[in-house]
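Participant: Quick one: the structure is below, questions incoming.
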There are 2 protein chains.
Amino acid sequence: MPTTACGRLPSRSASISASEPAVSPRPIDTPARTVVIEAIAPAVDAGRYPIKREVGAELEVTADIFKEGHDVLVAFLRYRRGDEPWRESPMRHVDNDRWAGTFSLPAPGRYVYTVEALAEPYRTWLADLQKREAGDEELASALGAGLALIRSAATRATDAADRGALAAHADRIGRAAGAEAVGLAGDVMLLELMARHIDRSEATWAERELEVVVDRERARFAAWYEMFPRSGAAADRSATFREAEKALERVAAMGFDVVYLPPIHPIGRAHRKGRNNALVAAPGDPGSPWAIGNAEGGFMAVHPDLGTLDDFDRFVAAAARLGLEVALDFAIQCSPDHPWVREHPEWFFHRPDGTIKYAENPPKKYQDIYPLNFQCADPRPLWDAMRRIVEFWIRHGVRTFRVDNPHTKPVKFWEWLIRSVQEAHPDAIFLAEAFTRPKMMRVLAKSGFTQSYTYFTWRNEKQELIDYLTEITTPPVAEYFRGNLWPNTPDILHETLQRGGRPAFKTRLMLAATLSSLYGIYSGYELCENVPREPGSEEYLNSEKYEYKVRDWDAPGNLVEYVTRLNRIRRENRALQEYRNLRFYLADDPHILFFGKMTPERDNLVFVAANIDPFATHAGLVDVPIAELGIDAQQTYRMHELVSDRWYDWRGPRGYVELDPAIEPAQIFVLQR
Amino acid sequence: MPTTACGRLPSRSASISASEPAVSPRPIDTPARTVVIEAIAPAVDAGRYPIKREVGAELEVTADIFKEGHDVLVAFLRYRRGDEPWRESPMRHVDNDRWAGTFSLPAPGRYVYTVEALAEPYRTWLADLQKREAGDEELASALGAGLALIRSAATRATDAADRGALAAHADRIGRAAGAEAVGLAGDVMLLELMARHIDRSEATWAERELEVVVDRERARFAAWYEMFPRSGAAADRSATFREAEKALERVAAMGFDVVYLPPIHPIGRAHRKGRNNALVAAPGDPGSPWAIGNAEGGFMAVHPDLGTLDDFDRFVAAAARLGLEVALDFAIQCSPDHPWVREHPEWFFHRPDGTIKYAENPPKKYQDIYPLNFQCADPRPLWDAMRRIVEFWIRHGVRTFRVDNPHTKPVKFWEWLIRSVQEAHPDAIFLAEAFTRPKMMRVLAKSGFTQSYTYFTWRNEKQELIDYLTEITTPPVAEYFRGNLWPNTPDILHETLQRGGRPAFKTRLMLAATLSSLYGIYSGYELCENVPREPGSEEYLNSEKYEYKVRDWDAPGNLVEYVTRLNRIRRENRALQEYRNLRFYLADDPHILFFGKMTPERDNLVFVAANIDPFATHAGLVDVPIAELGIDAQQTYRMHELVSDRWYDWRGPRGYVELDPAIEPAQIFVLQR
């Protein structure tokens, strides 16, 4: 037989004890706990993995909540940080059995959230009472039931004033009759008292608790700069950390937030690679920093040519004074000289004769590297050793780790490592350097990586940029994945840069710095270095991976000022500091990309027009979402172009842009209302 | 550093022991089990609820499966019925780390399925070996590693022939050198032997086991007929089951599969409702069958006016002989005279004075009904009593239950009840009579109901029919929800029928019988009974709920032949027996609905054109998906119209239909190639 939608508690329930500690443990399920609580969102894979947010955010949680019959429901968003007691905030009915509530995330760490809901007997009773007609034969009995509810609430009230007030309400209703009693039963003060002392003993909790990892803001908003600290002093010797401190000033002046160093550890001598990846190193060749360890130490040592651990500490402190954070490379592999080869042969791969195997991906051979074997007989000690390495560097002031090739180690290892490190150090940030198949990229982010390298480097056409950036900046992926966009790395010099030269360097920089709140460049980018090892290669000629570099940072045509300007624009425009607010808009020209980012309050409206063809001027109309912004089609609005610092008056939903790569291949506008 | 996609096991793995019992229990997780297994599909709410299928189906299961590094993987779909040992079938890589496998569902019951995957060391080794170049310094060592793998497989082989064959392969490879050895290592017979004796000891199992409820075919394909067995003898007395046996012949002759009876139990005398729901019954008024129980018994008794339990058994047997299944109403509520009121007062709702409350939905009162209180102090005995009732009727030959108002009882109760009944009786079918909010409708189906009533009755416009039927016949909803479409019930005489008369009755019947593989009518439909109790009401005038009816089944204008024809068409066309194959196609006229159903093999192609306006002829073009069917645009194809038994030659993707409600408001075509 048809029934109608049941009544719902109005927003008055918001008065219930928001954010007061609730120490009750999660109750045991019983047949009486019958509220259905489903589809809690946000969630990653139905709660299997945590979502990610940053400190200071408000998390809105929604859920389907309903129950058999016609009871009026109340629902609470339950949450706690780590092992702290449960807290709660009220949820409100939105529509169609969907409820919503919020809680704030004031500190980094892992929060758990879930939903508690129950029938509210007093409101249920009151709703019934108020529908009764005059002379209803059940009225007296119904009033009695309501009085019993009030008196029961009074027994639960620990506060004497509330207890007294409830008793007084009950007396008043008890003395009244008929319509007068019904009126008194609906008294607003009484409703608040009843809500405050509701009996939760048979409330239903959602079957699942969900997690949100709350990171510090740098997890979402940062400009990275990758540099080899050994470069810069001379072509034939390593710079020291003390010398590298000077480079920090240059990096800070350009406005970067994070300076990322390739491995700083002693480098193996056995099978050391020479310049341009030569099989045999010449005398004096420094070798690849990723061939980690020799007799002077391994993952917890500093290369003697760079200095001592104290010098490293000093370097970190110098960076901090400049507002820079030092990120280290965490590359899990050993040179044949690494102390572990002797101390822990059981952690490596072996030939049938018992000797240790070097890395191979036939026909490629990496004789200077021994991979670690996470499938060895007992991997736990290896896992623990990894954690000790990370914690060692945290003790030396490092909070950010760029993880080399995480997709060649077990995903469950990362899930364990990152969780266990962040339990003690919730400010630790891990960037996954995985360039592999899409599902592996995503599961690494789900499993804990704070940020991820992306396919951005290989996305150079208009539609593929739109598709890919939309995918990684919107749910479900953006609930756990923060893409850090790199136009170049020491391993990747894309053909677009090789061919497109300076205009391509500017456009790709603009795209990286504005499509995502996270981006980075590898040093030399600002000099438009674009010569590959050979045609068709993405490797640099004379790669810094195998030799010391000395560069002229003032070389003609450098982009230092352009980089500096973009980083300042990012700092001055909060819309560019958000990750999940990217929206693409129509641009008629197939070479022009037009997109925008806005703050939630819409007090900072940024639009970028970029010509992705470095060889020709393109011009055309672009769509500005003025209707969404409440700007009338006849109204003039000002567009402040920040690269040129020029002002334009636009009117209507379509603007005109003309982008000459020889002048400025990209423009960045702030819309002023 | 970028890596490339790793190799995948080709379909040869299909030769691995399909469907052989695998007795291994689910292994304990260890750090070495590192395969990622995600997104197993189909699944309802990530596996929280079972999916539904029917006996004889093949279930295709897909999953994302991948692992760190470059290993070649193998994967197995693991499944078992109830507590039987695990069985398995191989999975194949489809694309982009998506794998697929199938298993068959030969018997009703609950099957569990999950995925097991592991690196295949021999294939991984072979892939590496085959990429090595001539003169590779590691070749000898690599061959040694491969020989070790073969000899290790030989130790696992319990079959002496396999053991010997493996040893022979190893000897042959060991005696060969270089390229010859590589060639021998890839021998097809050897690969099969290695696959057969793969070491599973460190395989990864998916974190979750999923369930599929396998029902008998009636769960998906059935035509229901609802009738009051007490009607038909005379206006002033109840028919008996013996008399009602005659009605069975009429129902069977029309081609129905299930005959559903409203409650057959003793009816309460206290506050019995009179004709047309009058508050006071006149002498001789039989009362509503949903006011269950009196001194003569309750849920396990038969109304004495209908006969004895033996008579009921005989009725069930008579139905079975006619190919009809008897479905009972399971309505959990008592009349004030029900024995439980005395025996189990704790199962009811009480007034403050301790008396038992009747059902109310103020201002409506149902004095003839006492609801049961599932929130009573200890509901478990009540749950158990409910199960005993269902099992009682199962012992009397009933396998199908139409459950009255399930949304007013706890969802978790139904989940428990249906699961526990189906454990012993996997052929039990439960139809949920919930007409309530959409999420409750869906969660009842998720929680176990085999079939569900729907909003079909209230969906009478073209677009709302398309939207709603698409929603309930496609995933995710169709994974668990089987909509049983009823154009009328004793409670619902829709305005469309009241106003539209005979043409509306024909169209709504055609829609119900062809949009879903499950439909039903309440008796009187075939007589186009369409007089409401009063204007604006969906209740019947002189409702059979409160009185005995005697009808003239041969009355002029009856639809008996039409109903019979449609049921025969359903039986003769397998496409109409599937639930999830409904597709809507374009029809130019806003009053014409055009849709099709095909068998998976496309050997039965049914298309329906229905004019939903009972008052005027409509005509227009409809889109036939000839391209999808491989029919050339120039090619003529025959459309056999089954209501009129006429043949039409159509050509091209657009056909013309003209539907005069006074003649045939709907046509049903079988496309003949």
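Following the order of the structure tokens, first chain is A, next is B, and so on, with residues numbered from 1 inside each chain and ligands from 1 in the order they appear.
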Hey, which bits of chain B sit within 7 Å of chain A, and for each residue what's the closest pair of atoms and how far apart in Å (one decimal), counting only C-alpha atoms, rows by chain and increasing number, as JSON lines?
Facilitator:
{"residue": "B:Met1", "atom": "CA", "partner": "A:Asp491", "partner_atom": "CA", "distance": 6.4}
{"residue": "B:Pro2", "atom": "CA", "partner": "A:Phe435", "partner_atom": "CA", "distance": 5.0}
{"residue": "B:Thr3", "atom": "CA", "partner": "A:Thr436", "partner_atom": "CA", "distance": 5.8}
{"residue": "B:Thr4", "atom": "CA", "partner": "A:Thr436", "partner_atom": "CA", "distance": 6.7}
{"residue": "B:Ala5", "atom": "CA", "partner": "A:Arg437", "partner_atom": "CA", "distance": 6.7}
{"residue": "B:Pro31", "atom": "CA", "partner": "A:Pro379", "partner_atom": "CA", "distance": 6.7}
{"residue": "B:Ala32", "atom": "CA", "partner": "A:Gln375", "partner_atom": "CA", "distance": 5.4}
{"residue": "B:Thr34", "atom": "CA", "partner": "A:Pro410", "partner_atom": "CA", "distance": 5.6}
{"residue": "B:Ala46", "atom": "CA", "partner": "A:Ala46", "partner_atom": "CA", "distance": 6.4}
{"residue": "B:Glu68", "atom": "CA", "partner": "A:Thr408", "partner_atom": "CA", "distance": 4.6}
{"residue": "B:Gly69", "atom": "CA", "partner": "A:Thr408", "partner_atom": "CA", "distance": 4.2}
{"residue": "B:Asp128", "atom": "CA", "partner": "A:Pro362", "partner_atom": "CA", "distance": 5.9}
{"residue": "B:Lys131", "atom": "CA", "partner": "A:Pro362", "partner_atom": "CA", "distance": 5.5}
{"residue": "B:Arg132", "atom": "CA", "partner": "A:Pro363", "partner_atom": "CA", "distance": 5.1}
{"residue": "B:Glu133", "atom": "CA", "partner": "A:Pro363", "partner_atom": "CA", "distance": 6.4}
{"residue": "B:Ser141", "atom": "CA", "partner": "A:Arg351", "partner_atom": "CA", "distance": 6.2}
{"residue": "B:Gly144", "atom": "CA", "partner": "A:Pro352", "partner_atom": "CA", "distance": 6.2}
{"residue": "B:Ala145", "atom": "CA", "partner": "A:Pro352", "partner_atom": "CA", "distance": 5.8}
{"residue": "B:Arg351", "atom": "CA", "partner": "A:Ser141", "partner_atom": "CA", "distance": 6.1}
{"residue": "B:Pro352", "atom": "CA", "partner": "A:Ala145", "partner_atom": "CA", "distance": 5.7}
{"residue": "B:Pro362", "atom": "CA", "partner": "A:Lys131", "partner_atom": "CA", "distance": 5.5}
{"residue": "B:Pro363", "atom": "CA", "partner": "A:Arg132", "partner_atom": "CA", "distance": 5.1}
{"residue": "B:Gln375", "atom": "CA", "partner": "A:Ala32", "partner_atom": "CA", "distance": 5.5}
{"residue": "B:Pro379", "atom": "CA", "partner": "A:Pro31", "partner_atom": "CA", "distance": 6.7}
{"residue": "B:Asn405", "atom": "CA", "partner": "A:Met1", "partner_atom": "CA", "distance": 6.5}
{"residue": "B:His407", "atom": "CA", "partner": "A:Glu68", "partner_atom": "CA", "distance": 5.1}
{"residue": "B:Thr408", "atom": "CA", "partner": "A:Gly69", "partner_atom": "CA", "distance": 4.2}
{"residue": "B:Lys409", "atom": "CA", "partner": "A:Glu68", "partner_atom": "CA", "distance": 5.4}
{"residue": "B:Pro410", "atom": "CA", "partner": "A:Glu68", "partner_atom": "CA", "distance": 5.4}
{"residue": "B:Val411", "atom": "CA", "partner": "A:Thr34", "partner_atom": "CA", "distance": 6.9}
{"residue": "B:Lys412", "atom": "CA", "partner": "A:Thr34", "partner_atom": "CA", "distance": 6.5}
{"residue": "B:Phe435", "atom": "CA", "partner": "A:Pro2", "partner_atom": "CA", "distance": 5.0}
{"residue": "B:Thr436", "atom": "CA", "partner": "A:Thr3", "partner_atom": "CA", "distance": 5.8}
{"residue": "B:Arg437", "atom": "CA", "partner": "A:Ala5", "partner_atom": "CA", "distance": 6.7}
{"residue": "B:Asp491", "atom": "CA", "partner": "A:Met1", "partner_atom": "CA", "distance": 6.4}
Participant: Leaving out His338 in chain B and any residue of its chain fewer than 5 positions from it, which residues lie within 7 Å of it when counting only C-alpha atoms, given as a PyMOL selection string?
Facilitator: chain B and resi 268+292-295+297-298
Participant: Would you pick out the contacts of range 519-522 of chain A at 9 Å or less, using only C-alpha atoms, so that residues sharing its chain but fewer than 3 positions from it are not included, and give the list as a list in words?
Facilitator: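 In the requested format, the answer is Phe221, Ala222, Ala223, Trp224, Tyr225, Glu226, Met227, Phe256, Val258, Tyr260, Gly483, Asn484, Leu485, Trp486, Pro487, Asn488, Thr489, Pro490, Leu509, Ala512, Ala513, Thr514, Leu515, Ser516, Tyr525 and Glu526 of chain A.
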Participant: Please provide the set of residues having any atom within 7 Å of range 527-538 of chain A, restricted to only C-alpha atoms, with same-chain residues fewer than 3 positions apart removed, written as a ChimeraX atom specification.
Facilitator: /A:491-494,497-498,501-502,505,524,541,558-559
Participant: Save out the residues we just selected, N, CA and C atoms, as a tab-separated table (two decimals), in the first residue's frame.
Facilitator:
chain	number	residue	atom	x	y	z
A	491	ASP	N	65.41	13.23	-16.60
A	491	ASP	CA	65.21	12.10	-17.49
A	491	ASP	C	64.38	12.44	-18.72
A	492	ILE	N	63.69	13.56	-18.69
A	492	ILE	CA	62.69	13.80	-19.75
A	492	ILE	C	62.83	15.21	-20.32
A	493	LEU	N	63.33	15.25	-21.52
A	493	LEU	CA	63.35	16.49	-22.31
A	493	LEU	C	62.43	16.21	-23.50
A	494	HIS	N	61.20	16.70	-23.41
A	494	HIS	CA	60.21	16.31	-24.41
A	494	HIS	C	60.48	16.97	-25.76
A	497	LEU	N	59.75	20.63	-26.36
A	497	LEU	CA	60.76	21.61	-25.96
A	497	LEU	C	61.95	21.58	-26.91
A	498	GLN	N	62.34	20.39	-27.33
A	498	GLN	CA	63.47	20.27	-28.26
A	498	GLN	C	63.21	21.07	-29.52
A	501	GLY	N	61.62	25.32	-28.68
A	501	GLY	CA	62.50	26.36	-28.15
A	501	GLY	C	61.83	27.26	-27.13
A	502	ARG	N	62.31	28.48	-27.04
A	502	ARG	CA	61.91	29.40	-25.98
A	502	ARG	C	60.38	29.59	-25.86
A	505	PHE	N	59.03	26.63	-24.15
A	505	PHE	CA	59.40	26.64	-22.73
A	505	PHE	C	58.48	27.56	-21.93
A	524	GLY	N	67.97	24.41	-15.36
A	524	GLY	CA	68.34	24.46	-16.76
A	524	GLY	C	67.14	24.80	-17.62
A	541	LEU	N	71.55	15.80	-23.74
A	541	LEU	CA	72.97	15.66	-24.09
A	541	LEU	C	73.78	16.13	-22.89
A	558	ASN	N	67.31	33.89	-21.21
A	558	ASN	CA	66.87	33.10	-20.06
A	558	ASN	C	65.48	33.51	-19.60
A	559	LEU	N	64.84	32.59	-18.89
A	559	LEU	CA	63.45	32.82	-18.45
A	559	LEU	C	63.36	33.15	-16.97
Participant: Quick check for you: according to DSSP on this backbone, which residues of range 345-487 of chain A are classed as helix (DSSP H, G or I)? Reply as a VMD selection string.
Facilitator: chain A and resid 345 to 347 380 to 395 406 to 408 411 to 424 438 to 446 456 to 458 462 to 473 477 to 479
Participant: Please save C-alpha atoms of the selected residues as a PDB file, in the first residue's frame.
Facilitator:
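Wrote result_38.pdb, looks like this:
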ATOM      1  CA  PRO A 345      72.818 -10.189   1.007  1.00  0.00           C
ATOM      2  CA  GLU A 346      69.395 -11.749   1.695  1.00  0.00           C
ATOM      3  CA  TRP A 347      67.734  -8.476   0.544  1.00  0.00           C
ATOM      4  CA  ARG A 380      59.789  -7.272   7.056  1.00  0.00           C
ATOM      5  CA  PRO A 381      63.317  -6.299   8.147  1.00  0.00           C
ATOM      6  CA  LEU A 382      63.786  -4.622   4.767  1.00  0.00           C
ATOM      7  CA  TRP A 383      60.549  -2.685   5.250  1.00  0.00           C
ATOM      8  CA  ASP A 384      61.717  -1.595   8.691  1.00  0.00           C
ATOM      9  CA  ALA A 385      65.099  -0.537   7.338  1.00  0.00           C
ATOM     10  CA  MET A 386      63.321   1.673   4.819  1.00  0.00           C
ATOM     11  CA  ARG A 387      61.337   3.352   7.517  1.00  0.00           C
ATOM     12  CA  ARG A 388      64.477   3.988   9.522  1.00  0.00           C
ATOM     13  CA  ILE A 389      66.014   5.754   6.514  1.00  0.00           C
ATOM     14  CA  VAL A 390      63.042   8.075   6.124  1.00  0.00           C
ATOM     15  CA  GLU A 391      62.976   8.795   9.830  1.00  0.00           C
ATOM     16  CA  PHE A 392      66.687   9.478   9.828  1.00  0.00           C
ATOM     17  CA  TRP A 393      66.282  12.271   7.294  1.00  0.00           C
ATOM     18  CA  ILE A 394      63.211  13.605   9.063  1.00  0.00           C
ATOM     19  CA  ARG A 395      65.441  14.019  12.095  1.00  0.00           C
ATOM     20  CA  PRO A 406      57.728   3.566  -6.513  1.00  0.00           C
ATOM     21  CA  HIS A 407      55.922   1.359  -9.030  1.00  0.00           C
ATOM     22  CA  THR A 408      58.774  -1.143  -8.942  1.00  0.00           C
ATOM     23  CA  VAL A 411      52.136  -1.005  -3.354  1.00  0.00           C
ATOM     24  CA  LYS A 412      51.329  -2.472   0.048  1.00  0.00           C
ATOM     25  CA  PHE A 413      54.841  -1.576   1.195  1.00  0.00           C
ATOM     26  CA  TRP A 414      54.182   2.072   0.383  1.00  0.00           C
ATOM     27  CA  GLU A 415      50.808   1.961   2.063  1.00  0.00           C
ATOM     28  CA  TRP A 416      52.479   0.669   5.209  1.00  0.00           C
ATOM     29  CA  LEU A 417      55.550   2.954   5.031  1.00  0.00           C
ATOM     30  CA  ILE A 418      53.731   6.220   4.431  1.00  0.00           C
ATOM     31  CA  ARG A 419      51.087   5.481   7.031  1.00  0.00           C
ATOM     32  CA  SER A 420      53.598   4.511   9.671  1.00  0.00           C
ATOM     33  CA  VAL A 421      55.848   7.511   8.977  1.00  0.00           C
ATOM     34  CA  GLN A 422      52.914   9.926   8.944  1.00  0.00           C
ATOM     35  CA  GLU A 423      51.609   8.574  12.226  1.00  0.00           C
ATOM     36  CA  ALA A 424      54.591  10.171  13.935  1.00  0.00           C
ATOM     37  CA  PRO A 438      47.422   4.582 -15.279  1.00  0.00           C
ATOM     38  CA  LYS A 439      46.007   2.181 -12.703  1.00  0.00           C
ATOM     39  CA  MET A 440      49.373   1.807 -10.976  1.00  0.00           C
ATOM     40  CA  MET A 441      49.749   5.605 -10.954  1.00  0.00           C
ATOM     41  CA  ARG A 442      46.377   5.896  -9.277  1.00  0.00           C
ATOM     42  CA  VAL A 443      46.769   3.121  -6.729  1.00  0.00           C
ATOM     43  CA  LEU A 444      50.047   4.594  -5.517  1.00  0.00           C
ATOM     44  CA  ALA A 445      48.223   7.843  -4.810  1.00  0.00           C
ATOM     45  CA  LYS A 446      45.363   5.972  -3.150  1.00  0.00           C
ATOM     46  CA  PHE A 456      51.591  16.134 -18.292  1.00  0.00           C
ATOM     47  CA  THR A 457      55.001  16.050 -19.967  1.00  0.00           C
ATOM     48  CA  TRP A 458      53.552  13.917 -22.757  1.00  0.00           C
ATOM     49  CA  LYS A 462      44.707  20.687 -26.799  1.00  0.00           C
ATOM     50  CA  GLN A 463      42.151  17.933 -26.321  1.00  0.00           C
ATOM     51  CA  GLU A 464      44.520  15.565 -24.560  1.00  0.00           C
ATOM     52  CA  LEU A 465      45.451  18.328 -22.117  1.00  0.00           C
ATOM     53  CA  ILE A 466      41.778  19.045 -21.451  1.00  0.00           C
ATOM     54  CA  ASP A 467      40.929  15.362 -20.997  1.00  0.00           C
ATOM     55  CA  TYR A 468      43.873  14.496 -18.812  1.00  0.00           C
ATOM     56  CA  LEU A 469      43.824  17.554 -16.573  1.00  0.00           C
ATOM     57  CA  THR A 470      40.082  17.186 -16.100  1.00  0.00           C
ATOM     58  CA  GLU A 471      40.586  13.569 -15.089  1.00  0.00           C
ATOM     59  CA  ILE A 472      43.220  14.311 -12.448  1.00  0.00           C
ATOM     60  CA  THR A 473      41.638  17.459 -10.992  1.00  0.00           C
ATOM     61  CA  VAL A 477      40.628  10.827  -8.940  1.00  0.00           C
ATOM     62  CA  ALA A 478      41.105  14.232  -7.290  1.00  0.00           C
ATOM     63  CA  GLU A 479      39.842  12.848  -3.980  1.00  0.00           C
TER      64      GLU A 479
END
Participant: Taking 5 positions as the minimum chain separation for residues in the same chain, which residues sit within 12 Å of Ile267 in chain A when counting only C-alpha atoms? Answer as a PyMOL selection string.
Facilitator: chain A and resi 262+272-273+285-299+301-306+333-339+368-369+545-546
Participant: Here is a test: counting only C-alpha atoms, which residue of A:Glu578, A:Glu58, A:Glu572, A:Glu547 is nearest to Thr474 in chain A?
Facilitator: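 Of A:Glu578, A:Glu58, A:Glu572, A:Glu547, the one nearest Thr474 in chain A, counting only C-alpha atoms, is A:Glu578.
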Participant: If we count only C-alpha atoms, what is near Ala107 in chain B at a cut-off of 8 Å, once residues fewer than 4 positions away on the same chain are taken out, given as a ChimeraX atom specification?
Facilitator: /B:55-56,214,216
Participant: For the residues in that selection, give me N, CA and C atoms as a tab-separated table (two decimals), in the first residue's frame.
Facilitator:
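Produced file result-v2.tsv, reproduced below:
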chain	number	residue	atom	x	y	z
B	55	VAL	N	19.76	-19.32	-12.58
B	55	VAL	CA	20.35	-20.62	-12.91
B	55	VAL	C	20.60	-20.73	-14.41
B	56	GLY	N	21.77	-21.23	-14.73
B	56	GLY	CA	22.11	-21.42	-16.13
B	56	GLY	C	22.95	-20.29	-16.71
B	214	VAL	N	21.95	-16.76	-6.86
B	214	VAL	CA	21.47	-17.40	-8.08
B	214	VAL	C	20.07	-17.93	-7.82
B	216	ARG	N	16.20	-19.35	-9.29
B	216	ARG	CA	15.66	-20.11	-10.42
B	216	ARG	C	15.07	-19.14	-11.45
Participant: Please measure the separation of CA of His396 in chain A and CA of Ala317 in chain A, giving the value in Å to one decimal.
Facilitator: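 Taking CA of His396 in chain A as the start and CA of Ala317 in chain A as the end point, the length is 9.8 Å.
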Participant: Would you list the contacts of range 647-660 of chain B as a PyMOL selection string, taking every protein, DNA or RNA residue within 8 Å and counting only C-alpha atoms, but skipping same-chain residues closer than 6 positions in sequence?
Facilitator: chain B and resi 609-611+616-627+632-641+666-667
